[in-house]
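Q: File final.txt follows (compact mmCIF, C-alpha atoms):
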# COMPACT_ATOMS: atom_id res chain seq x y z
CA MET A 1 115.46 226.02 -8.11
CA PHE A 2 117.33 225.38 -4.87
CA GLY A 3 115.11 222.37 -4.26
CA LEU A 4 116.02 220.93 -7.66
CA LEU A 5 119.72 221.46 -7.01
CA PHE A 6 119.36 219.79 -3.62
CA LEU A 7 117.61 216.78 -5.17
CA LEU A 8 120.25 216.46 -7.91
CA SER A 9 123.13 216.71 -5.46
CA THR A 10 121.46 214.21 -3.15
CA GLU A 11 120.94 211.78 -6.06
CA THR A 12 124.58 212.19 -7.17
CA TYR A 13 125.80 211.65 -3.61
CA GLY A 14 123.64 208.53 -3.35
CA GLN A 15 125.04 207.15 -6.62
CA ASP A 16 128.62 207.86 -5.50
CA GLN A 17 127.96 206.26 -2.14
CA GLU A 18 126.42 203.21 -3.81
CA ALA A 19 129.46 202.88 -6.09
CA ASN A 20 131.81 203.20 -3.11
CA ASP A 21 129.83 200.59 -1.20
CA LYS A 22 130.04 198.14 -4.11
CA LYS A 23 133.78 198.76 -4.42
CA ALA A 24 134.26 198.19 -0.70
CA THR A 25 132.20 194.99 -0.89
CA ARG A 26 134.30 193.64 -3.77
CA LYS A 27 137.49 194.51 -1.91
CA ALA A 28 136.28 192.81 1.25
CA GLU A 29 135.25 189.70 -0.72
CA LYS A 30 138.69 189.51 -2.36
CA GLU A 31 140.43 189.91 0.99
CA ARG A 32 138.25 187.16 2.44
CA LYS A 33 139.16 184.78 -0.38
CA VAL A 34 142.85 185.52 0.09
CA ARG A 35 142.61 185.12 3.85
CA GLU A 36 140.76 181.81 3.54
CA GLY A 37 143.02 180.51 0.75
CA ARG A 38 140.15 180.14 -1.70
CA THR A 39 140.50 179.94 -5.47
CA MET A 40 140.45 183.23 -7.37
CA PHE A 41 139.81 183.48 -11.12
CA THR A 42 140.49 186.64 -13.17
CA PRO A 43 139.74 186.45 -16.93
CA LEU A 44 141.07 189.05 -19.36
CA ALA A 45 141.40 189.53 -23.10
CA GLY A 46 143.47 191.95 -25.12
CA PRO A 47 145.64 192.66 -28.14
CA ALA A 48 149.40 192.28 -28.50
CA TYR A 49 152.05 192.30 -31.19
CA THR A 50 155.22 190.24 -31.33
CA PRO A 51 157.71 190.02 -34.22
CA GLU A 52 157.12 186.28 -34.71
CA LEU A 53 153.30 186.24 -34.33
CA GLY A 54 152.28 189.61 -35.73
CA GLY A 55 149.05 191.06 -34.36
CA VAL A 56 147.60 188.90 -31.59
CA ILE A 57 144.29 188.58 -29.77
CA ALA A 58 144.72 186.62 -26.55
CA ALA A 59 142.25 185.37 -23.96
CA THR A 60 143.99 184.81 -20.67
CA ALA A 61 143.08 184.06 -17.08
CA MET A 62 144.93 184.25 -13.77
CA ILE A 63 144.01 181.38 -11.46
CA SER A 64 145.42 181.41 -7.93
CA TYR A 65 144.76 179.21 -4.93
CA LYS A 66 146.27 177.58 -1.88
CA THR A 67 147.02 173.88 -2.19
CA ASN A 68 146.10 173.62 1.51
CA ARG A 69 143.89 176.39 2.87
CA PHE A 70 144.96 175.64 6.44
CA ASP A 71 148.73 175.72 5.81
CA SER A 72 150.04 179.11 6.94
CA LEU A 73 153.59 178.41 5.67
CA ILE A 74 152.74 178.21 1.97
CA GLN A 75 152.04 181.04 -0.45
CA ARG A 76 149.23 181.17 -2.94
CA SER A 77 149.94 179.13 -6.06
CA SER A 78 149.43 180.75 -9.45
CA SER A 79 148.43 179.30 -12.81
CA PRO A 80 148.04 181.81 -15.65
CA VAL A 81 146.50 180.30 -18.79
CA THR A 82 146.57 181.91 -22.25
CA PHE A 83 144.93 181.04 -25.57
CA GLY A 84 145.35 183.15 -28.66
CA ALA A 85 145.41 183.59 -32.40
CA SER A 86 147.31 185.96 -34.63
CA THR A 87 146.97 187.77 -37.92
CA THR A 88 149.56 185.42 -39.44
CA GLY A 89 147.30 182.40 -38.85
CA ALA A 90 149.08 181.20 -35.71
CA VAL A 91 147.27 179.58 -32.82
CA PHE A 92 148.92 179.08 -29.43
CA PHE A 93 148.40 178.36 -25.76
CA SER A 94 150.47 178.42 -22.59
CA ASN A 95 150.09 177.49 -18.93
CA ILE A 96 152.77 178.39 -16.37
CA ASN A 97 152.30 176.91 -12.90
CA THR A 98 154.01 177.97 -9.66
CA THR A 99 152.72 175.81 -6.80
CA PHE A 100 153.58 175.37 -3.11
CA TRP A 101 152.89 172.20 -1.08
CA LEU A 102 153.50 170.53 2.30
CA ARG A 103 154.40 173.57 4.43
CA ASP A 104 156.65 174.73 1.59
CA LYS A 105 158.77 171.59 1.70
CA LEU A 106 157.67 170.84 -1.86
CA ARG A 107 157.42 173.21 -4.81
CA ILE A 108 156.21 172.13 -8.23
CA TYR A 109 156.74 174.36 -11.24
CA SER A 110 155.61 173.53 -14.76
CA ASP A 111 155.51 175.12 -18.19
CA PHE A 112 153.18 173.84 -20.88
CA TRP A 113 153.34 175.55 -24.29
CA GLY A 114 151.97 174.80 -27.74
CA LYS A 115 152.09 176.64 -31.06
CA ASP A 116 151.10 175.98 -34.64
CA MET A 117 152.30 178.91 -36.67
CA PRO A 118 153.91 180.33 -39.80
CA ASP A 119 157.49 180.93 -38.68
CA ASN A 120 160.95 181.89 -39.91
CA TYR A 121 164.25 180.05 -39.62
CA TRP A 122 167.43 181.98 -40.35
CA GLY A 123 169.84 179.19 -39.48
CA VAL A 124 172.24 178.76 -36.57
CA GLY A 125 174.51 181.44 -35.15
CA TYR A 126 174.82 185.21 -35.12
CA ASP A 127 175.99 185.49 -38.73
CA ASP A 128 172.94 183.69 -40.12
CA ALA A 129 170.61 185.72 -37.87
CA THR A 130 172.00 189.00 -39.23
CA ASN A 131 172.91 188.14 -42.83
CA VAL A 132 170.10 185.87 -44.10
CA GLU A 133 167.32 187.98 -45.59
CA GLN A 134 163.83 187.18 -44.31
CA GLY A 135 161.44 186.03 -47.03
CA ASP A 136 159.17 183.28 -48.30
CA SER A 137 161.98 181.62 -50.26
CA THR A 138 164.72 182.08 -47.64
CA THR A 139 163.32 181.75 -44.07
CA ALA A 140 159.59 180.96 -44.10
CA TYR A 141 158.14 177.63 -42.98
CA THR A 142 155.36 176.31 -40.70
CA ARG A 143 156.22 175.16 -37.19
CA SER A 144 154.37 172.87 -34.80
CA TRP A 145 155.77 173.03 -31.26
CA LEU A 146 154.89 171.42 -27.94
CA TRP A 147 156.84 171.80 -24.70
CA PHE A 148 156.10 170.33 -21.27
CA ASN A 149 158.58 171.04 -18.47
CA PRO A 150 157.62 170.08 -14.89
CA ARG A 151 160.15 170.62 -12.06
CA PHE A 152 159.84 169.07 -8.59
CA LEU A 153 161.80 170.74 -5.78
CA TYR A 154 162.30 169.65 -2.16
CA GLN A 155 163.41 172.17 0.49
CA PHE A 156 166.14 170.52 2.59
CA LYS A 157 167.25 173.74 4.31
CA LYS A 158 165.79 177.23 4.51
CA TYR A 159 165.87 178.75 1.00
CA ASN A 160 167.72 175.68 -0.39
CA PHE A 161 166.06 173.20 -2.74
CA VAL A 162 167.06 170.15 -4.75
CA GLY A 163 164.91 168.50 -7.33
CA LEU A 164 164.14 166.80 -10.61
CA ASN A 165 163.76 168.39 -14.03
CA ILE A 166 161.69 166.72 -16.77
CA ASP A 167 161.81 168.25 -20.24
CA LEU A 168 159.67 166.96 -23.12
CA ASN A 169 159.68 168.96 -26.35
CA TYR A 170 158.59 168.40 -29.94
CA THR A 171 159.32 170.62 -32.96
CA SER A 172 158.36 169.75 -36.52
CA ALA A 173 158.51 171.76 -39.73
CA SER A 174 156.38 171.78 -42.88
CA ASP A 175 156.14 173.98 -45.99
CA VAL A 176 159.92 174.34 -45.75
CA ASN A 177 161.64 176.87 -48.02
CA PRO A 178 164.63 175.84 -50.21
CA VAL A 179 167.26 177.57 -48.06
CA MET A 180 166.07 175.86 -44.89
CA GLU A 181 165.77 172.53 -46.67
CA ALA A 182 169.44 172.79 -47.61
CA ASP A 183 170.55 173.89 -44.13
CA GLU A 184 172.95 171.34 -42.62
CA THR A 185 171.52 171.54 -39.09
CA TYR A 186 167.93 171.19 -40.27
CA GLN A 187 168.86 168.28 -42.56
CA ARG A 188 170.51 166.46 -39.67
CA TYR A 189 167.55 166.67 -37.27
CA LYS A 190 164.42 167.14 -39.39
CA ASP A 191 163.33 163.50 -38.99
CA LYS A 192 163.98 163.51 -35.21
CA PRO A 193 161.52 166.03 -33.75
CA PHE A 194 161.02 164.62 -30.23
CA ASN A 195 163.35 165.19 -27.28
CA SER A 196 163.00 163.78 -23.78
CA GLY A 197 165.29 164.84 -20.94
CA LEU A 198 165.82 164.13 -17.26
CA GLY A 199 167.96 166.27 -14.98
CA LEU A 200 168.87 167.50 -11.52
CA ILE A 201 168.23 170.96 -10.05
CA PHE A 202 169.76 172.95 -7.22
CA GLN A 203 167.98 176.12 -6.25
CA TYR A 204 168.47 178.87 -3.69
CA ASP A 205 165.37 181.06 -3.37
CA SER A 206 164.91 183.77 -0.75
CA ARG A 207 162.43 185.85 -2.78
CA ASP A 208 159.49 187.16 -0.78
CA VAL A 209 156.99 186.33 -3.56
CA PRO A 210 158.44 184.29 -6.44
CA VAL A 211 156.01 185.54 -9.13
CA ASN A 212 156.55 189.21 -8.20
CA ALA A 213 159.57 189.62 -5.95
CA TRP A 214 160.34 192.88 -4.17
CA GLU A 215 163.40 191.55 -2.38
CA GLY A 216 165.56 188.46 -2.17
CA TYR A 217 167.91 186.30 -4.23
CA TYR A 218 167.37 183.44 -6.65
CA LEU A 219 169.92 180.99 -8.05
CA ASN A 220 168.84 178.07 -10.20
CA MET A 221 171.31 175.54 -11.61
CA SER A 222 170.23 172.49 -13.56
CA TYR A 223 171.88 169.80 -15.68
CA THR A 224 169.57 167.86 -18.01
CA LEU A 225 170.47 164.86 -20.13
CA PHE A 226 168.47 164.03 -23.26
CA ARG A 227 169.01 160.38 -24.12
CA ASP A 228 167.39 157.63 -26.16
CA LEU A 229 167.18 155.78 -22.82
CA PHE A 230 164.43 158.30 -21.91
CA GLY A 231 162.77 158.09 -25.31
CA SER A 232 164.60 161.04 -26.86
CA GLN A 233 165.43 160.96 -30.56
CA ASN A 234 168.53 163.11 -29.94
CA ASN A 235 171.34 162.81 -27.40
CA TYR A 236 172.58 166.05 -25.84
CA ASP A 237 173.03 167.89 -22.53
CA ILE A 238 171.76 171.27 -21.31
CA PHE A 239 173.41 173.13 -18.43
CA LEU A 240 171.45 176.11 -17.10
CA ILE A 241 172.46 178.84 -14.63
CA ASP A 242 169.90 181.52 -13.74
CA PHE A 243 170.80 184.18 -11.15
CA ARG A 244 168.45 186.97 -10.04
CA THR A 245 168.51 189.59 -7.33
CA TYR A 246 165.79 191.97 -6.13
CA GLN A 247 166.60 195.04 -4.06
CA ASN A 248 164.16 197.51 -2.54
CA ILE A 249 165.11 201.07 -3.54
CA GLY A 250 164.32 203.85 -1.08
CA LYS A 251 162.22 203.63 2.06
CA ARG A 252 158.90 202.53 0.62
CA LYS A 253 157.72 199.21 -0.78
CA GLY A 254 156.99 198.76 -4.45
CA SER A 255 160.25 200.30 -5.67
CA THR A 256 162.45 197.43 -6.82
CA LEU A 257 165.63 197.08 -8.82
CA ALA A 258 165.70 193.59 -10.39
CA LEU A 259 168.69 191.96 -12.09
CA GLN A 260 168.87 188.71 -14.05
CA LEU A 261 171.94 186.94 -15.47
CA LYS A 262 171.27 183.70 -17.32
CA THR A 263 173.22 181.25 -19.43
CA ARG A 264 172.06 178.09 -21.19
CA LEU A 265 174.84 175.87 -22.50
CA GLY A 266 174.25 173.00 -24.91
CA ARG A 267 176.58 170.10 -25.63
CA GLY A 268 176.25 167.14 -27.99
CA ASP A 269 173.70 166.71 -30.75
CA VAL A 270 171.48 169.70 -29.89
CA PRO A 271 168.63 169.74 -32.45
CA TRP A 272 167.57 172.93 -34.22
CA GLY A 273 164.21 172.96 -32.40
CA ASP A 274 165.70 172.92 -28.89
CA MET A 275 168.66 175.21 -29.38
CA SER A 276 169.04 178.21 -27.07
CA GLN A 277 166.99 181.12 -28.41
CA LEU A 278 166.89 184.80 -27.48
CA GLY A 279 163.81 186.96 -27.84
CA THR A 280 161.20 185.22 -25.67
CA PRO A 281 158.59 187.14 -23.60
CA PHE A 282 160.85 186.42 -20.57
CA ASP A 283 164.23 187.78 -21.70
CA LEU A 284 165.08 190.19 -24.55
CA ARG A 285 161.54 191.29 -25.26
CA GLY A 286 161.25 192.89 -28.69
CA TYR A 287 163.24 190.40 -30.79
CA TYR A 288 161.90 187.69 -33.06
CA TRP A 289 161.75 184.57 -30.88
CA GLY A 290 164.14 182.11 -32.55
CA ARG A 291 166.02 184.43 -34.89
CA TYR A 292 169.07 184.36 -32.60
CA ARG A 293 169.58 180.62 -32.19
CA ASP A 294 172.61 178.50 -31.30
CA GLU A 295 173.69 175.74 -28.94
CA SER A 296 174.37 178.24 -26.12
CA LEU A 297 173.34 181.70 -25.00
CA VAL A 298 173.91 184.27 -22.29
CA PHE A 299 171.96 187.41 -21.43
CA GLY A 300 171.63 190.03 -18.72
CA ILE A 301 168.74 192.37 -17.83
CA VAL A 302 168.39 195.20 -15.32
CA GLU A 303 164.79 196.24 -14.65
CA TYR A 304 163.41 198.96 -12.39
CA ARG A 305 159.87 198.36 -11.11
CA ARG A 306 157.85 201.09 -9.42
CA THR A 307 154.33 200.81 -8.04
CA PHE A 308 152.44 204.10 -7.86
CA ILE A 309 151.30 205.67 -4.58
CA LYS A 310 147.69 206.73 -3.94
CA SER A 311 146.73 210.02 -2.33
CA ASP A 312 146.32 208.28 1.05
CA GLY A 313 149.93 207.05 0.91
CA GLN A 314 149.03 203.43 0.16
CA LEU A 315 150.33 201.48 -2.82
CA SER A 316 148.02 201.58 -5.82
CA LYS A 317 147.32 198.67 -8.16
CA SER A 318 149.21 200.33 -11.03
CA GLY A 319 152.90 200.67 -11.75
CA MET A 320 155.58 200.94 -14.41
CA VAL A 321 158.80 199.15 -15.28
CA TRP A 322 161.83 200.11 -17.35
CA TRP A 323 164.59 197.74 -18.46
CA VAL A 324 167.79 197.47 -20.45
CA GLY A 325 169.51 194.25 -21.44
CA THR A 326 171.84 192.51 -23.83
CA GLY A 327 172.55 188.96 -24.93
CA SER A 328 174.73 186.79 -27.14
CA ILE A 329 174.63 183.34 -28.73
CA GLY A 330 177.32 180.87 -29.77
CA GLU A 331 178.31 177.25 -29.93
CA ALA A 332 180.22 177.66 -26.65
CA PRO A 333 180.93 180.49 -24.15
CA GLU A 334 184.10 181.53 -25.98
CA ASP A 335 181.86 182.42 -28.96
CA PHE A 336 179.94 185.08 -27.03
CA ARG A 337 181.43 187.98 -28.96
CA ASN A 338 178.50 189.62 -30.76
CA TRP A 339 175.97 191.27 -28.44
CA VAL A 340 172.46 192.43 -29.28
CA PRO A 341 170.94 195.37 -27.34
CA ASN A 342 167.50 195.50 -25.76
CA ALA A 343 165.41 198.05 -23.84
CA GLY A 344 161.79 198.54 -22.96
CA ILE A 345 159.02 199.97 -20.84
CA GLY A 346 155.98 198.31 -19.32
CA TYR A 347 152.76 198.90 -17.40
CA ARG A 348 151.64 196.75 -14.47
CA PHE A 349 148.18 196.31 -12.96
CA GLU A 350 147.59 194.13 -9.90
CA VAL A 351 144.70 191.78 -10.72
CA GLN A 352 145.21 189.67 -7.59
CA PRO A 353 147.42 190.28 -4.53
CA ARG A 354 151.05 190.51 -5.78
CA MET A 355 150.02 189.07 -9.16
CA ASN A 356 150.15 191.52 -12.04
CA LEU A 357 148.89 191.92 -15.55
CA ARG A 358 152.01 192.69 -17.60
CA ILE A 359 152.00 194.91 -20.70
CA ASP A 360 155.48 195.43 -22.16
CA ILE A 361 156.89 197.25 -25.17
CA GLY A 362 160.40 196.06 -26.01
CA VAL A 363 162.77 197.26 -28.73
CA GLY A 364 165.90 195.69 -30.15
CA ARG A 365 168.08 196.11 -33.20
CA GLU A 366 165.61 196.86 -36.04
CA SER A 367 162.89 195.04 -34.08
CA ALA A 368 160.08 195.73 -31.58
CA GLY A 369 157.32 193.86 -29.78
CA PHE A 370 154.23 194.48 -27.60
CA TYR A 371 153.52 191.79 -24.97
CA PHE A 372 150.42 190.97 -22.91
CA ASN A 373 151.03 188.48 -20.06
CA PHE A 374 150.51 187.75 -16.38
CA ASN A 375 153.28 187.95 -13.74
CA GLU A 376 156.73 189.41 -14.19
CA ALA A 377 159.18 188.43 -16.91
CA PHE A 378 161.58 187.21 -14.22
In structure tokens, write the structure found in this file.
A:
Amino acid sequence: MFGLLFLLSTETYGQDQEANDKKATRKAEKERKVREGRTMFTPLAGPAYTPELGGVIAATAMISYKTNRFDSLIQRSSSPVTFGASTTGAVFFSNINTTFWLRDKLRIYSDFWGKDMPDNYWGVGYDDATNVEQGDSTTAYTRSWLWFNPRFLYQFKKYNFVGLNIDLNYTSASDVNPVMEADETYQRYKDKPFNSGLGLIFQYDSRDVPVNAWEGYYLNMSYTLFRDLFGSQNNYDIFLIDFRTYQNIGKRKGSTLALQLKTRLGRGDVPWGDMSQLGTPFDLRGYYWGRYRDESLVFGIVEYRRTFIKSDGQLSKSGMVWWVGTGSIGEAPEDFRNWVPNAGIGYRFEVQPRMNLRIDIGVGRESAGFYFNFNEAF
């Protein structure tokens, strides 16, 4: 009997030791790749739910790398890619790049999005967003959307960057309902779906890690002109101010209070497809993306991020976030009078060093959403 117990305990110990050895080997291999600047690839798949897409199944991957493995002054670049489909019949993809080059003298960011989906259009302004009843005969239509937005930034002084903004976007509608067909804004721009803009950027960025900052400040200001000279079918201007701050709370790392204040101001013939919209996965999470739509918007978010501590006192790979926010839309800043509330909670899991899987549940006024992404919302 004692011999059997000894054999079983020995076998269990051997299995545990083998598992620990494999875990240590994987950890050492990951650390080696990070140290040598090699490419890392982490695929994942999972469900989500957003008000505009319904139930979602998404396949996503985090790709990170160093643009120059021998450059000690640059961080790892990240490139999360997502493909998905939803219960409403939507298909979509996105690719968000954050890359560092030339001893951090050059940074290149880019967003590439595409969607083909059943959608809803309430009209323009707060009143339409709250008073128009959602339905097949009032708001429903089918939207095809493409957006490509590369930004090139040169560091002329520590933390200070100037650069070029390129914005190409296309929005077309089909299966349009009678109310939308009669909408004055839609009527004006429905045959002009393509917009092409060129602008200037100033940026101050002292964040320790841009995709998951624990400390530092970020200020981004850009002015983009959309003109027929650049191939745009509509002529308008977009002025953007995005301010963020990250403060470590307490004496340990991984306890961060993050704040974002952002405004996007449109002027000129801003088409319905490129108006400022609240409710994206990067601002007031939980609202229908596009329900609150107008030429201009403003919003603010305060988010507390806390990474858990392991029994040995080291930071774990898991953490939580909590946020509250509010935003408003209008033709101009003086119209920011009606504010919509927002709050939420999220789980974080570090899939690569300082690069997280993000699972968020956001709630708004009579609305909620469940989001599955990589990297932080801001």
Q: Residues near A:Leu225, anyone? I mean within 9 Å using only C-alpha atoms, not counting same-chain ones fewer than 6 positions away, as a PyMOL selection string.
A: chain A and resi 196-199+235-239
Q: With all atoms listed in the file as the basis for distance, which of A:Asn195, A:Thr39, A:Asn248, A:Gln155 is at the shortest distance from A:Asn169?
A: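 Using all atoms listed in the file, A:Asn169 sits closest to A:Asn195.
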Q: Just how far from atom CA of A:Gln233 is atom CA of A:Pro271, in Å to one decimal?
A: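 Computed distance, atom CA of A:Pro271 to atom CA of A:Gln233, equals 9.5 Å.
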Q: Can you pull out every residue within 10 Å of A:Pro178, counting all atoms listed in the file, but drop anything in the same chain fewer than 4 positions away, and send it as number ranges by chain?
A: A: 136-141, 182-183
Q: Using all atoms listed in the file, which of the listed residues (A:Val91, A:Leu102, A:Ala85, A:Ile201) sits closest to A:Pro150?
A: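 Of A:Val91, A:Leu102, A:Ala85, A:Ile201, the one nearest A:Pro150, counting all atoms listed in the file, is A:Ile201.
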Q: Considering all atoms listed in the file, state which residue in the set A:Ala61, A:Leu257, A:Ile249, A:Leu240 is at the smallest distance from A:Phe202.
A: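 Using all atoms listed in the file, the shortest distance to A:Phe202 belongs to A:Leu240.
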Q: Considering all atoms listed in the file, return as a list in words whatever protein or nucleic-acid residues lie within 7 Å of stretch 349-362 of chain A, sequence-local ones (same chain, fewer than 6 positions apart) excluded.
A: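 Returned residues: Val211, Asn212, Arg285, Gly286, Lys317, Ser318, Gly319, Ala343, Ala368, Gly369, Phe370, Tyr371, Phe372, Asn373, Phe374, Asn375 and Glu376 of chain A.
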Q: Between atom CA of A:Ser316 and atom CA of A:Gly254, what is the distance, to one decimal in Å?
A: 9.5 Å
Q: So the first atom is atom CA of A:Thr99 and the second is atom CA of A:Met320; what is the distance between them in Å, to one decimal place?
A: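 Here the two named atoms are 26.4 Å from each other.
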Q: Show me a table, sorted first by chain and then by increasing residue number, of the residues of stretch 14-126 of chain A having an atom at most 7 Å from stretch 290-313 of chain A, each with its shortest atom pair and the distance in Å to one decimal, counting only C-alpha atoms and written as JSON lines.
A:
{"residue": "A:Tyr121", "atom": "CA", "partner": "A:Arg291", "partner_atom": "CA", "distance": 6.7}
{"residue": "A:Trp122", "atom": "CA", "partner": "A:Arg291", "partner_atom": "CA", "distance": 6.1}
{"residue": "A:Val124", "atom": "CA", "partner": "A:Asp294", "partner_atom": "CA", "distance": 5.3}
{"residue": "A:Gly125", "atom": "CA", "partner": "A:Asp294", "partner_atom": "CA", "distance": 5.2}
{"residue": "A:Tyr126", "atom": "CA", "partner": "A:Tyr292", "partner_atom": "CA", "distance": 6.3}
Q: Can you tell me, as a list in words, what residues are no more than 7 Å from A:Phe161 when counting all atoms listed in the file, ignoring any on the same chain fewer than 3 positions away?
A: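 Result of the neighbour search: Leu153, Tyr154, Gln155, Phe156, Phe202, Gln203 and Tyr204 of chain A.
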Q: Find the residue from A:Gly325, A:Gly344, A:Gly123, A:Gly114 that sits nearest to A:Tyr186; use all atoms listed in the file when measuring.
A: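 With all atoms listed in the file as the atom set, the closest residue is A:Gly123.
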Q: Return the single residue from A:Thr60, A:Gln314, A:Ser78, A:Asn160 that is closest to A:Asn220, with distances computed using only C-alpha atoms.
A: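 Once distances to A:Asn220 are computed over only C-alpha atoms, the minimum belongs to A:Asn160.
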Q: Generate N, CA and C atoms for stretch 237-260 of chain A and emit them as an mmCIF file, in the coordinates of the input.
A:
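Output file rebuild28.cif follows:
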data_model
loop_
_atom_site.group_PDB
_atom_site.id
_atom_site.type_symbol
_atom_site.label_atom_id
_atom_site.label_comp_id
_atom_site.auth_asym_id
_atom_site.auth_seq_id
_atom_site.Cartn_x
_atom_site.Cartn_y
_atom_site.Cartn_z
ATOM 1 N N ASP A 237 173.117 167.423 -23.915
ATOM 2 C CA ASP A 237 173.030 167.890 -22.530
ATOM 3 C C ASP A 237 172.753 169.394 -22.532
ATOM 4 N N ILE A 238 172.014 169.842 -21.512
ATOM 5 C CA ILE A 238 171.760 171.270 -21.310
ATOM 6 C C ILE A 238 172.122 171.634 -19.878
ATOM 7 N N PHE A 239 173.030 172.604 -19.737
ATOM 8 C CA PHE A 239 173.410 173.130 -18.430
ATOM 9 C C PHE A 239 172.886 174.551 -18.316
ATOM 10 N N LEU A 240 172.130 174.822 -17.257
ATOM 11 C CA LEU A 240 171.450 176.110 -17.100
ATOM 12 C C LEU A 240 171.859 176.755 -15.779
ATOM 13 N N ILE A 241 172.223 178.041 -15.830
ATOM 14 C CA ILE A 241 172.460 178.840 -14.630
ATOM 15 C C ILE A 241 171.619 180.114 -14.753
ATOM 16 N N ASP A 242 170.796 180.356 -13.745
ATOM 17 C CA ASP A 242 169.900 181.520 -13.740
ATOM 18 C C ASP A 242 170.029 182.210 -12.392
ATOM 19 N N PHE A 243 170.608 183.423 -12.394
ATOM 20 C CA PHE A 243 170.800 184.180 -11.150
ATOM 21 C C PHE A 243 169.980 185.467 -11.213
ATOM 22 N N ARG A 244 169.263 185.756 -10.114
ATOM 23 C CA ARG A 244 168.450 186.970 -10.040
ATOM 24 C C ARG A 244 168.587 187.589 -8.653
ATOM 25 N N THR A 245 168.511 188.894 -8.609
ATOM 26 C CA THR A 245 168.510 189.590 -7.330
ATOM 27 C C THR A 245 167.483 190.712 -7.384
ATOM 28 N N TYR A 246 166.842 190.964 -6.252
ATOM 29 C CA TYR A 246 165.790 191.970 -6.130
ATOM 30 C C TYR A 246 166.092 192.828 -4.911
ATOM 31 N N GLN A 247 166.250 194.135 -5.140
ATOM 32 C CA GLN A 247 166.600 195.040 -4.060
ATOM 33 C C GLN A 247 165.569 196.165 -3.977
ATOM 34 N N ASN A 248 165.068 196.399 -2.753
ATOM 35 C CA ASN A 248 164.160 197.510 -2.540
ATOM 36 C C ASN A 248 164.945 198.818 -2.599
ATOM 37 N N ILE A 249 164.454 199.778 -3.380
ATOM 38 C CA ILE A 249 165.110 201.070 -3.540
ATOM 39 C C ILE A 249 164.330 202.121 -2.765
ATOM 40 N N GLY A 250 165.000 202.834 -1.874
ATOM 41 C CA GLY A 250 164.320 203.850 -1.080
ATOM 42 C C GLY A 250 163.680 203.253 0.159
ATOM 43 N N LYS A 251 162.808 204.025 0.783
ATOM 44 C CA LYS A 251 162.220 203.630 2.060
ATOM 45 C C LYS A 251 160.838 203.009 1.934
ATOM 46 N N ARG A 252 160.250 203.067 0.763
ATOM 47 C CA ARG A 252 158.900 202.530 0.620
ATOM 48 C C ARG A 252 158.914 201.230 -0.179
ATOM 49 N N LYS A 253 157.859 200.431 -0.008
ATOM 50 C CA LYS A 253 157.720 199.210 -0.780
ATOM 51 C C LYS A 253 157.269 199.544 -2.205
ATOM 52 N N GLY A 254 157.428 198.551 -3.073
ATOM 53 C CA GLY A 254 156.990 198.760 -4.450
ATOM 54 C C GLY A 254 157.946 199.540 -5.308
ATOM 55 N N SER A 255 159.205 199.653 -4.871
ATOM 56 C CA SER A 255 160.250 200.300 -5.670
ATOM 57 C C SER A 255 161.426 199.338 -5.700
ATOM 58 N N THR A 256 161.539 198.583 -6.784
ATOM 59 C CA THR A 256 162.450 197.430 -6.820
ATOM 60 C C THR A 256 163.386 197.511 -8.016
ATOM 61 N N LEU A 257 164.646 197.246 -7.757
ATOM 62 C CA LEU A 257 165.630 197.080 -8.820
ATOM 63 C C LEU A 257 165.897 195.587 -8.971
ATOM 64 N N ALA A 258 165.561 195.030 -10.137
ATOM 65 C CA ALA A 258 165.700 193.590 -10.390
ATOM 66 C C ALA A 258 166.801 193.357 -11.428
ATOM 67 N N LEU A 259 167.585 192.323 -11.197
ATOM 68 C CA LEU A 259 168.690 191.960 -12.090
ATOM 69 C C LEU A 259 168.615 190.472 -12.391
ATOM 70 N N GLN A 260 168.795 190.118 -13.652
ATOM 71 C CA GLN A 260 168.870 188.710 -14.050
ATOM 72 C C GLN A 260 170.075 188.491 -14.956
#
